[in-house]
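Asks: Compact mmCIF, C-alpha atoms, saved as model.txt, coming up:
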```
# COMPACT_ATOMS: atom_id res chain seq x y z
CA MET A 25 -33.40 58.97 -150.14
CA LEU A 26 -30.54 58.02 -147.84
CA THR A 27 -30.12 60.59 -145.03
CA VAL A 28 -27.15 60.81 -142.68
CA SER A 29 -26.98 62.67 -139.35
CA TYR A 30 -23.78 63.46 -137.45
CA PHE A 31 -23.72 64.69 -133.77
CA LYS A 32 -27.47 64.99 -133.41
CA ASN A 33 -28.59 67.95 -131.21
CA ALA A 34 -24.98 69.13 -130.76
CA LYS A 35 -24.35 72.90 -130.70
CA ASN A 36 -21.39 75.27 -130.75
CA PHE A 37 -18.54 72.80 -131.30
CA VAL A 38 -15.47 72.71 -133.56
CA ALA A 39 -13.98 69.59 -135.15
CA ASN A 40 -10.48 69.81 -136.59
CA ASN A 41 -8.76 67.25 -138.85
CA THR A 42 -11.70 64.91 -138.55
CA THR A 43 -12.81 62.14 -140.90
CA PHE A 44 -16.52 61.25 -140.92
CA ASN A 45 -17.62 57.73 -141.82
CA THR A 46 -21.10 57.20 -143.20
CA TYR A 47 -23.44 55.04 -141.14
CA VAL A 48 -26.03 53.05 -143.04
CA SER A 49 -29.12 51.86 -141.18
CA GLY A 50 -30.81 48.56 -141.93
CA THR A 51 -33.80 50.18 -143.61
CA ASP A 52 -31.53 52.11 -145.97
CA VAL A 53 -29.18 49.34 -147.10
CA LEU A 54 -31.07 48.59 -150.33
CA GLN A 55 -31.31 52.29 -151.12
CA PHE A 56 -27.59 52.67 -150.46
CA LEU A 57 -26.76 49.79 -152.81
CA TYR A 58 -29.18 51.11 -155.44
CA GLU A 59 -27.62 54.57 -155.48
CA HIS A 60 -24.15 53.16 -156.13
CA ALA A 61 -25.08 50.35 -158.52
CA ALA A 62 -24.98 50.50 -162.33
CA THR A 63 -28.74 50.03 -162.65
CA GLY A 64 -28.54 50.43 -166.43
CA ALA A 65 -26.65 47.13 -166.59
CA ILE A 66 -29.62 45.16 -165.25
CA HIS A 67 -31.52 43.09 -167.82
CA ASP A 68 -34.85 44.92 -167.50
CA SER A 69 -33.53 48.46 -167.01
CA ASP A 70 -35.05 51.39 -168.86
CA GLU A 71 -31.65 52.11 -170.39
CA ARG A 72 -31.80 48.80 -172.26
CA TYR A 73 -35.47 48.93 -173.25
CA PRO A 74 -36.53 47.12 -175.29
CA PRO A 75 -34.08 44.38 -174.31
CA PRO A 76 -32.87 42.25 -177.24
CA ILE A 77 -34.23 38.70 -177.24
CA CYS A 78 -34.15 35.85 -179.75
CA PRO A 79 -37.12 35.82 -182.16
CA PRO A 80 -39.22 32.67 -181.94
CA GLY A 81 -37.66 29.79 -183.85
CA THR A 82 -34.10 31.11 -183.69
CA ARG A 83 -31.21 29.91 -181.53
CA GLU A 84 -33.38 27.08 -180.21
CA ALA A 85 -30.47 24.61 -179.99
CA VAL A 86 -28.36 27.08 -177.98
CA ILE A 87 -31.24 27.95 -175.63
CA LEU A 88 -31.94 24.27 -175.01
CA ARG A 89 -28.25 23.66 -174.33
CA ILE A 90 -28.21 26.43 -171.70
CA LYS A 91 -31.42 25.19 -170.09
CA GLY A 92 -29.97 21.71 -169.98
CA TRP A 93 -26.88 23.04 -168.23
CA PHE A 94 -28.70 25.25 -165.70
CA SER A 95 -31.34 23.07 -164.18
CA LEU A 96 -33.89 24.83 -162.00
CA LEU A 97 -33.86 22.00 -159.48
CA SER A 98 -30.17 21.06 -159.19
CA ARG A 99 -26.78 22.65 -159.50
CA PRO A 100 -24.72 22.04 -162.65
CA ALA A 101 -21.54 19.99 -162.45
CA LYS A 102 -19.63 22.98 -163.83
CA PRO A 103 -20.95 26.25 -162.31
CA ILE A 104 -19.67 28.49 -165.13
CA MET A 105 -20.68 28.49 -168.79
CA TRP A 106 -18.80 30.64 -171.29
CA ILE A 107 -20.59 31.30 -174.57
CA HIS A 108 -18.45 32.96 -177.21
CA GLY A 109 -18.97 33.97 -180.82
CA PRO A 110 -18.08 36.74 -183.27
CA ALA A 111 -19.97 40.01 -183.51
CA GLY A 112 -23.51 39.65 -184.81
CA TYR A 113 -24.06 36.09 -183.56
CA GLY A 114 -26.82 37.14 -181.16
CA LYS A 115 -25.00 36.76 -177.84
CA THR A 116 -26.88 39.61 -176.16
CA ALA A 117 -30.19 38.31 -177.51
CA ILE A 118 -29.39 34.88 -176.06
CA ALA A 119 -28.56 36.44 -172.68
CA GLY A 120 -31.80 38.44 -172.81
CA THR A 121 -33.85 35.36 -173.64
CA ILE A 122 -32.39 33.41 -170.72
CA SER A 123 -32.84 36.37 -168.34
CA LYS A 124 -36.47 36.77 -169.41
CA TRP A 125 -37.14 33.05 -169.04
CA LEU A 126 -35.81 32.94 -165.48
CA ALA A 127 -37.37 36.25 -164.40
CA GLU A 128 -40.82 35.00 -165.47
CA GLU A 129 -40.47 31.60 -163.79
CA GLU A 130 -43.14 31.65 -161.04
CA LYS A 131 -43.70 27.99 -160.21
CA LEU A 132 -40.58 27.53 -158.07
CA GLY A 133 -41.46 29.84 -155.19
CA PHE A 134 -38.19 31.77 -155.61
CA ASN A 135 -36.49 33.89 -158.25
CA PRO A 136 -33.90 31.73 -160.05
CA LEU A 137 -32.38 34.83 -161.70
CA GLY A 138 -29.84 36.00 -159.16
CA ALA A 139 -28.34 38.99 -160.99
CA THR A 140 -27.41 40.32 -164.42
CA PHE A 141 -24.77 42.69 -165.72
CA TYR A 142 -24.75 43.79 -169.35
CA PHE A 143 -21.53 45.56 -170.21
CA TRP A 144 -21.70 48.30 -172.84
CA ARG A 145 -18.68 50.10 -174.27
CA SER A 146 -20.28 53.55 -174.64
CA SER A 147 -21.87 53.69 -171.16
CA PRO A 148 -19.70 55.14 -168.35
CA GLU A 149 -21.49 52.99 -165.78
CA ARG A 150 -21.45 49.78 -167.80
CA ASN A 151 -18.02 49.80 -169.45
CA SER A 152 -15.96 49.52 -166.28
CA PRO A 153 -15.57 46.93 -163.52
CA ALA A 154 -15.92 49.66 -160.87
CA ARG A 155 -19.63 49.00 -160.17
CA PHE A 156 -19.72 45.33 -161.03
CA VAL A 157 -19.65 43.95 -157.47
CA ILE A 158 -22.05 46.51 -155.97
CA THR A 159 -24.54 45.90 -158.81
CA ILE A 160 -24.44 42.13 -158.35
CA ALA A 161 -24.75 42.52 -154.56
CA TYR A 162 -27.79 44.80 -154.96
CA GLN A 163 -29.63 42.30 -157.16
CA LEU A 164 -28.74 39.36 -154.93
CA ALA A 165 -30.14 41.28 -151.97
CA LEU A 166 -33.40 41.72 -153.87
CA SER A 167 -33.49 38.09 -154.97
CA ILE A 168 -32.50 36.71 -151.55
CA PRO A 169 -33.89 39.03 -148.82
CA GLU A 170 -32.14 36.96 -146.14
CA LEU A 171 -28.86 38.53 -147.26
CA VAL A 172 -29.96 42.09 -146.44
CA PRO A 173 -29.22 42.15 -142.67
CA HIS A 174 -25.79 40.63 -143.22
CA ILE A 175 -24.96 43.16 -145.95
CA ASP A 176 -26.18 45.83 -143.54
CA THR A 177 -23.74 44.55 -140.94
CA ALA A 178 -20.90 44.62 -143.47
CA LEU A 179 -21.68 48.25 -144.36
CA LYS A 180 -21.73 49.24 -140.68
CA GLN A 181 -18.38 47.59 -140.07
CA ASN A 182 -16.89 48.96 -143.30
CA PRO A 183 -18.45 52.39 -143.97
CA MET A 184 -15.88 53.07 -146.68
CA ILE A 185 -16.43 49.75 -148.42
CA LEU A 186 -16.97 51.39 -151.80
CA ARG A 187 -13.44 52.80 -151.61
CA LYS A 188 -12.01 49.34 -151.18
CA ALA A 189 -10.72 47.06 -153.91
CA LEU A 190 -13.28 45.02 -155.83
CA GLU A 191 -11.92 41.86 -154.28
CA VAL A 192 -12.62 43.24 -150.79
CA GLN A 193 -16.11 44.35 -151.82
CA LEU A 194 -16.77 40.87 -153.15
CA MET A 195 -15.89 39.24 -149.84
CA LYS A 196 -17.72 41.74 -147.62
CA LEU A 197 -20.89 42.25 -149.66
CA ILE A 198 -21.44 38.81 -151.21
CA VAL A 199 -19.28 35.97 -149.88
CA GLU A 200 -19.48 36.72 -146.14
CA PRO A 201 -23.24 37.48 -146.16
CA PHE A 202 -23.83 34.13 -147.88
CA LYS A 203 -21.61 32.34 -145.35
CA ALA A 204 -23.54 34.00 -142.51
CA LEU A 205 -26.71 32.25 -143.66
CA GLY A 206 -25.29 28.93 -142.51
CA GLU A 207 -25.91 25.77 -144.52
CA LEU A 208 -25.91 26.65 -148.24
CA ASP A 209 -26.35 23.19 -149.76
CA ASP A 210 -30.12 23.36 -149.35
CA MET A 211 -30.45 26.84 -150.81
CA PRO A 212 -31.87 27.04 -154.35
CA ASN A 213 -29.35 27.73 -157.07
CA ARG A 214 -29.50 31.07 -158.90
CA LEU A 215 -27.99 32.24 -162.16
CA VAL A 216 -25.82 35.32 -162.64
CA VAL A 217 -25.71 36.49 -166.28
CA VAL A 218 -22.72 38.56 -167.45
CA ASP A 219 -23.01 39.70 -171.06
CA ALA A 220 -20.54 41.42 -173.40
CA LEU A 221 -17.52 40.95 -171.17
CA ASP A 222 -15.32 41.99 -174.11
CA GLN A 223 -16.85 45.50 -173.82
CA CYS A 224 -15.51 45.95 -170.29
CA THR A 225 -12.73 48.53 -170.28
CA SER A 226 -10.73 50.20 -167.54
CA THR A 227 -9.96 53.82 -166.73
CA ALA A 228 -7.07 52.88 -164.47
CA THR A 229 -3.85 52.49 -166.46
CA ARG A 230 -1.47 52.90 -163.52
CA GLU A 231 0.05 49.45 -164.04
CA CYS A 232 -0.53 49.23 -167.80
CA SER A 233 1.50 50.65 -170.64
CA ASN A 234 -1.50 51.27 -172.89
CA ALA A 235 -5.30 51.24 -173.01
CA GLU A 236 -5.48 47.82 -174.68
CA GLU A 237 -3.49 46.21 -171.91
CA ALA A 238 -5.68 47.90 -169.32
CA GLN A 239 -8.79 46.58 -171.04
CA GLN A 240 -7.45 43.03 -171.02
CA LYS A 241 -6.59 43.27 -167.32
CA ALA A 242 -10.08 44.60 -166.51
CA GLN A 243 -11.78 41.71 -168.29
CA ILE A 244 -9.54 39.11 -166.69
CA ARG A 245 -10.23 40.73 -163.34
CA ILE A 246 -13.96 40.15 -163.81
CA LEU A 247 -13.26 36.51 -164.59
CA ASP A 248 -11.16 36.19 -161.44
CA LEU A 249 -13.97 37.73 -159.36
CA ILE A 250 -16.39 35.15 -160.74
CA GLN A 251 -13.88 32.39 -160.10
CA THR A 252 -13.55 33.57 -156.49
CA LEU A 253 -17.32 33.41 -156.02
CA GLN A 254 -17.60 29.88 -157.36
CA SER A 255 -14.59 28.72 -155.31
CA HIS A 256 -16.60 29.38 -152.13
CA ARG A 257 -19.29 26.98 -153.37
CA LEU A 258 -22.07 29.52 -153.14
CA PRO A 259 -25.49 28.60 -154.61
CA LEU A 260 -24.70 30.58 -157.75
CA SER A 261 -24.00 29.67 -161.37
CA PHE A 262 -22.58 32.05 -163.94
CA LEU A 263 -23.42 32.52 -167.61
CA ILE A 264 -20.74 34.59 -169.37
CA LEU A 265 -21.08 35.77 -172.97
CA SER A 266 -18.39 37.53 -175.00
CA ARG A 267 -16.42 37.54 -178.20
CA PRO A 268 -13.67 34.91 -178.39
CA GLU A 269 -10.85 37.26 -177.46
CA ALA A 270 -7.50 35.50 -177.22
CA TRP A 271 -6.74 36.61 -173.65
CA LEU A 272 -10.18 35.50 -172.41
CA LYS A 273 -9.83 32.12 -174.10
CA GLN A 274 -6.36 31.63 -172.68
CA HIS A 275 -7.47 32.55 -169.15
CA ILE A 276 -10.56 30.35 -169.21
CA GLU A 277 -8.55 27.40 -170.53
CA SER A 278 -6.02 27.77 -167.71
CA SER A 279 -5.71 25.09 -165.06
CA LYS A 280 -7.55 27.24 -162.52
CA PHE A 281 -10.62 27.78 -164.69
CA GLU A 282 -10.88 24.75 -166.95
CA PRO A 283 -12.36 22.25 -164.42
CA THR A 284 -15.25 24.61 -163.57
CA VAL A 285 -16.15 26.03 -167.00
CA GLN A 286 -18.32 24.62 -169.77
CA VAL A 287 -17.52 26.28 -173.11
CA LEU A 288 -20.06 26.77 -175.89
CA ASP A 289 -18.93 27.99 -179.31
CA LEU A 290 -21.76 29.65 -181.25
CA CYS A 291 -19.99 28.97 -184.55
CA GLN A 292 -20.74 25.28 -184.07
CA TYR A 293 -24.48 26.03 -184.04
CA GLN A 294 -24.64 27.68 -187.46
CA THR A 295 -26.20 24.67 -189.15
CA SER A 296 -29.50 26.04 -190.42
CA GLY A 297 -28.01 28.27 -193.10
CA PRO A 298 -28.69 31.93 -193.88
CA GLN A 299 -31.84 31.29 -195.93
CA CYS A 300 -33.53 29.54 -193.00
CA THR A 301 -32.60 32.40 -190.65
CA ILE A 302 -33.93 34.97 -193.13
CA THR A 303 -37.19 33.05 -193.42
CA ILE A 304 -37.67 32.86 -189.64
CA LEU A 305 -36.85 36.52 -189.09
CA LEU A 306 -39.19 37.62 -191.88
CA HIS A 307 -41.95 35.44 -190.44
CA PHE A 308 -41.50 36.97 -186.99
CA GLN A 309 -41.22 40.59 -188.14
CA LEU A 310 -44.23 40.39 -190.48
CA TYR A 311 -46.33 38.86 -187.74
CA ARG A 312 -45.22 41.57 -185.29
CA LEU A 313 -46.11 44.31 -187.79
CA LYS A 314 -49.54 42.77 -188.28
CA ARG A 315 -50.23 42.75 -184.56
CA THR A 316 -48.73 46.19 -183.89
CA TYR A 317 -50.63 48.02 -186.61
CA LYS A 318 -53.70 45.72 -186.60
CA LEU A 319 -53.44 44.90 -190.29
CA CYS A 320 -56.39 42.55 -190.20
CA HIS A 321 -56.94 42.81 -193.96
CA LEU A 322 -53.75 40.85 -194.60
CA GLN A 323 -54.49 37.24 -195.47
CA THR A 324 -52.33 35.62 -192.83
CA GLU A 325 -52.70 32.72 -190.45
CA ILE A 326 -53.33 33.20 -186.77
CA ASN A 327 -49.69 32.51 -185.90
CA GLY A 328 -48.23 34.66 -188.67
CA PRO A 329 -48.10 35.03 -192.45
CA THR A 330 -48.63 32.03 -194.67
CA PRO A 331 -45.56 30.03 -195.70
CA ASP A 332 -46.11 30.96 -199.36
CA ARG A 333 -46.08 34.64 -198.49
CA VAL A 334 -42.92 34.29 -196.42
CA GLU A 335 -41.25 32.27 -199.19
CA TYR A 336 -42.23 34.88 -201.76
CA THR A 337 -40.84 37.71 -199.62
CA ARG A 338 -37.61 35.81 -199.02
CA ASN A 339 -37.17 35.21 -202.76
CA VAL A 340 -37.76 38.88 -203.47
CA PHE A 341 -35.01 39.80 -201.02
CA LEU A 342 -32.63 37.25 -202.50
CA CYS A 343 -33.33 38.40 -206.08
CA ALA A 344 -32.90 42.01 -205.05
CA TYR A 345 -29.55 41.08 -203.53
CA VAL A 346 -28.41 39.35 -206.74
CA LEU A 347 -29.56 42.33 -208.83
CA PHE A 348 -27.80 44.79 -206.55
CA THR A 349 -24.50 42.89 -206.60
CA THR A 350 -24.75 42.56 -210.40
CA MET A 351 -25.19 46.32 -210.72
CA ILE A 352 -22.19 46.96 -208.50
CA LEU A 353 -20.08 44.53 -210.53
CA THR A 354 -21.25 46.11 -213.77
CA PHE A 355 -20.36 49.58 -212.57
CA TYR A 356 -16.92 48.42 -211.50
CA LEU A 357 -16.22 46.70 -214.82
CA VAL A 358 -17.39 49.71 -216.83
CA TYR A 359 -15.16 51.92 -214.72
CA VAL A 360 -12.14 49.68 -215.36
CA LEU A 361 -12.97 49.52 -219.08
CA ILE A 362 -13.19 53.31 -219.38
CA LEU A 363 -9.84 53.70 -217.64
CA LEU A 364 -8.26 51.15 -219.93
CA VAL A 365 -9.56 52.83 -223.10
CA PHE A 366 -8.49 56.23 -221.77
CA TYR A 367 -4.92 55.06 -221.14
CA VAL A 368 -4.74 53.44 -224.60
CA LEU A 369 -5.92 56.67 -226.26
CA VAL A 370 -3.45 58.79 -224.32
CA TRP A 371 -0.63 56.44 -225.22
CA ALA A 372 -1.69 56.53 -228.89
CA LEU A 373 -1.61 60.33 -228.90
CA VAL A 374 1.76 60.55 -227.18
CA PHE A 375 3.44 57.63 -228.94
CA PRO A 376 1.53 57.06 -232.19
CA LYS A 377 4.30 55.00 -233.78
CA SER A 378 4.35 52.47 -230.97
CA LEU A 379 0.61 51.76 -231.09
CA SER A 380 1.24 48.60 -233.05
CA LYS A 381 3.05 47.16 -230.05
CA PHE A 382 -0.16 47.09 -228.04
CA ASP A 383 -1.79 44.08 -229.60
CA THR A 384 -1.78 42.45 -226.19
CA VAL A 385 -3.64 45.43 -224.76
CA LYS A 386 -6.30 45.02 -227.43
CA VAL A 387 -6.62 41.33 -226.63
CA VAL A 388 -6.97 42.06 -222.91
CA SER A 389 -9.54 44.78 -223.62
CA PHE A 390 -11.66 42.40 -225.67
CA LYS A 391 -11.45 39.77 -222.94
CA VAL A 392 -12.55 42.28 -220.29
CA ILE A 393 -15.49 43.36 -222.45
CA LYS A 394 -16.46 39.73 -223.05
CA ARG A 395 -16.36 38.87 -219.31
CA PHE A 396 -18.33 42.00 -218.48
CA LEU A 397 -21.07 41.03 -220.92
CA ASN A 398 -21.12 37.44 -219.64
CA ALA A 399 -21.43 38.61 -216.01
CA GLY A 400 -24.30 40.95 -216.85
CA ALA A 401 -26.10 38.24 -218.83
CA LEU A 402 -25.68 35.79 -215.94
CA GLY A 403 -27.17 38.23 -213.45
CA LEU A 404 -30.17 38.89 -215.68
CA LYS A 405 -30.72 35.15 -216.17
CA ILE A 406 -30.75 34.58 -212.38
CA VAL A 407 -33.31 37.33 -211.83
CA HIS A 408 -35.64 36.35 -214.69
CA ALA A 409 -35.39 32.65 -213.95
CA ASN A 410 -37.07 33.16 -210.54
CA PRO A 411 -40.84 32.70 -210.99
CA THR A 412 -41.68 34.83 -207.93
CA MET A 413 -40.52 37.95 -209.75
CA GLY A 414 -43.10 37.45 -212.53
```
Show me this structure written as structure tokens.

Replies:
Amino acid sequence: MLTVSYFKNAKNFVANNTTFNTYVSGTDVLQFLYEHAATGAIHDSDERYPPPICPPGTREAVILRIKGWFSLLSRPAKPIMWIHGPAGYGKTAIAGTISKWLAEEEKLGFNPLGATFYFWRSSPERNSPARFVITIAYQLALSIPELVPHIDTALKQNPMILRKALEVQLMKLIVEPFKALGELDDMPNRLVVVDALDQCTSTATRECSNAEEAQQKAQIRILDLIQTLQSHRLPLSFLILSRPEAWLKQHIESSKFEPTVQVLDLCQYQTSGPQCTITILLHFQLYRLKRTYKLCHLQTEINGPTPDRVEYTRNVFLCAYVLFTTMILTFYLVYVLILLVFYVLVWALVFPKSLSKFDTVKVVSFKVIKRFLNAGALGLKIVHANPTMG
């Protein structure tokens, strides 16, 4: 716990209109950073447990592309990679897989994972840029212990550093401590992972007319902070993942960003098709259930269920989906048919003499009934034609 003492051994004195600045000793600098950091935004925090990762056999092309960009032995030509894709494309799982891979790398003699920050819309600590810099600085201090005394010096010289703008914090807690180390070209490169940037919001709307504008400014501000870090040629690379929001895309494609950013669109890596993804996920989940509950009686291979069993399960799911959609369509058509008959009967009761004018209605009704029967017959044929349902 960080303890602070003012006027040690002083007695019987009065201080009027006085401002006290907090002094941080060298042994307490990590504790000071920890207490003000958004620790829940770190990749292996308890708040995120279990962290999402890609199941084996999925997103292999994307993972290989990232590993090809961030070499463990040399710095990439472009220090920033932006991965974007719609919701549900596994961006957080990709970030978790890369973070896990780097954190478990032990052959290099150093930790190649510099820092991580996982934004989250519903978390007060993780949905704002307020603690972004202090959280990154804390993790860099853990990853690179040589930075600690220089961060300590910065805190002594700027006791109110946490009240300063994020841009000032960035210079005092990260850029200047790195510069104080001297020659940086020989220092190993480390990766900073920033996930779900589109979930970063802002509570400060002083210069914004609405919350949406404030959110856009907050996200662009994070990008500018990252751009500032890379402009000082620090031994850091940055992996940013987010949805392809228009303002983020426009900012990253600007003349300031474009030369330093490598863009990866996840939509271009959807080549395996949904059936392949379903098969892989079923294979992984069934194998995990077997190991978790020790279902040794299941006739499965050492590395998971047999391909025939996985194929059978996938076909069952697909047939169930066809049957379910057929039932929904049938219900909808029956509902429309009942309404149509009801309106015809009401019209016949109110205007019996004009019923003969509704030959077209009769024709339409027969066509609807015919299409309904054809749709139901088609659904039944699809289900019964699959041999795995027998």

Asks: How far is it from CA of Ala161 (chain A) to CA of Pro100 (chain A), in Å with one decimal?

Replies: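 Computed distance, CA of Ala161 (chain A) to CA of Pro100 (chain A), equals 22.0 Å.
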
Asks: Which of these, A:Gln239, A:Ser98, A:Gln286, A:Thr159, has the shortest distance to Pro136 (chain A) once you count all atoms listed in the file?

Replies: A:Ser98

Asks: Counting all atoms listed in the file, which of A:Val53, A:Ile122, A:Val340, A:Ile264 gets nearest to Lys180 (chain A)?

Replies: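 The closest residue to Lys180 (chain A) is A:Val53.
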
Asks: Using only C-alpha atoms - which residues lie no farther than 8 Å from the point (-24.0, 41.1, -157.5) in the file's frame? Write them as a short mmCIF file (atom, residue, chain, number, x, y, z; two decimals) with C-alpha atoms, keeping the file's coordinate frame.

Replies:
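Contents of selection30.cif, freshly written:
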```cif
data_model
loop_
_atom_site.label_atom_id
_atom_site.label_comp_id
_atom_site.auth_asym_id
_atom_site.auth_seq_id
_atom_site.Cartn_x
_atom_site.Cartn_y
_atom_site.Cartn_z
CA GLY A 138 -29.84 36.00 -159.16
CA ALA A 139 -28.34 38.99 -160.99
CA THR A 140 -27.41 40.32 -164.42
CA PHE A 156 -19.72 45.33 -161.03
CA VAL A 157 -19.65 43.95 -157.47
CA ILE A 158 -22.05 46.51 -155.97
CA THR A 159 -24.54 45.90 -158.81
CA ILE A 160 -24.44 42.13 -158.35
CA ALA A 161 -24.75 42.52 -154.56
CA TYR A 162 -27.79 44.80 -154.96
CA GLN A 163 -29.63 42.30 -157.16
CA LEU A 164 -28.74 39.36 -154.93
CA ILE A 198 -21.44 38.81 -151.21
CA VAL A 216 -25.82 35.32 -162.64
#
```

Asks: If we count only C-alpha atoms, what is near region 220-226 of chain A at a cut-off of 8 Å, once residues fewer than 5 positions away on the same chain are taken out, given as a ChimeraX atom specification?

Replies: /A:115-116,142-145,150-153,235,238-240,242-243,264-267,269

Asks: Any chance you can output those residues with C-alpha atoms as a short mmCIF file (atom, residue, chain, number, x, y, z; two decimals), in the frame of the given file?

Replies:
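New file selection_5.cif:
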```
data_model
loop_
_atom_site.label_atom_id
_atom_site.label_comp_id
_atom_site.auth_asym_id
_atom_site.auth_seq_id
_atom_site.Cartn_x
_atom_site.Cartn_y
_atom_site.Cartn_z
CA LYS A 115 -25.00 36.76 -177.84
CA THR A 116 -26.88 39.61 -176.16
CA TYR A 142 -24.75 43.79 -169.35
CA PHE A 143 -21.53 45.56 -170.21
CA TRP A 144 -21.70 48.30 -172.84
CA ARG A 145 -18.68 50.10 -174.27
CA ARG A 150 -21.45 49.78 -167.80
CA ASN A 151 -18.02 49.80 -169.45
CA SER A 152 -15.96 49.52 -166.28
CA PRO A 153 -15.57 46.93 -163.52
CA ALA A 235 -5.30 51.24 -173.01
CA ALA A 238 -5.68 47.90 -169.32
CA GLN A 239 -8.79 46.58 -171.04
CA GLN A 240 -7.45 43.03 -171.02
CA ALA A 242 -10.08 44.60 -166.51
CA GLN A 243 -11.78 41.71 -168.29
CA ILE A 264 -20.74 34.59 -169.37
CA LEU A 265 -21.08 35.77 -172.97
CA SER A 266 -18.39 37.53 -175.00
CA ARG A 267 -16.42 37.54 -178.20
CA GLU A 269 -10.85 37.26 -177.46
#
```

Asks: Can you work out the spacing between CA of Lys280 (chain A) and CA of Phe141 (chain A) in Å, to one decimal?

Replies: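 Going from CA of Lys280 (chain A) over to CA of Phe141 (chain A), I get 23.4 Å.
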
Asks: Considering all atoms listed in the file, can you say which of A:Glu149, A:Asp210, A:Asp68, A:Glu236 comes closest to Ala119 (chain A)?

Replies: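 Of A:Glu149, A:Asp210, A:Asp68, A:Glu236, the one nearest Ala119 (chain A), counting all atoms listed in the file, is A:Asp68.
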
Asks: Between CA of Arg155 (chain A) and CA of Ile66 (chain A), what distance in Å does the model show, to one decimal?

Replies: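 Straight-line distance from CA of Arg155 (chain A) to CA of Ile66 (chain A) works out to 11.8 Å.
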
Asks: Name the closest residue to Ala270 (chain A) among the candidates A:Ala117, A:Ile244, A:Leu57, A:Pro103; distances are taken between atoms, counting all atoms listed in the file.

Replies: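 Among A:Ala117, A:Ile244, A:Leu57, A:Pro103, it is A:Ile244 that comes nearest to Ala270 (chain A).
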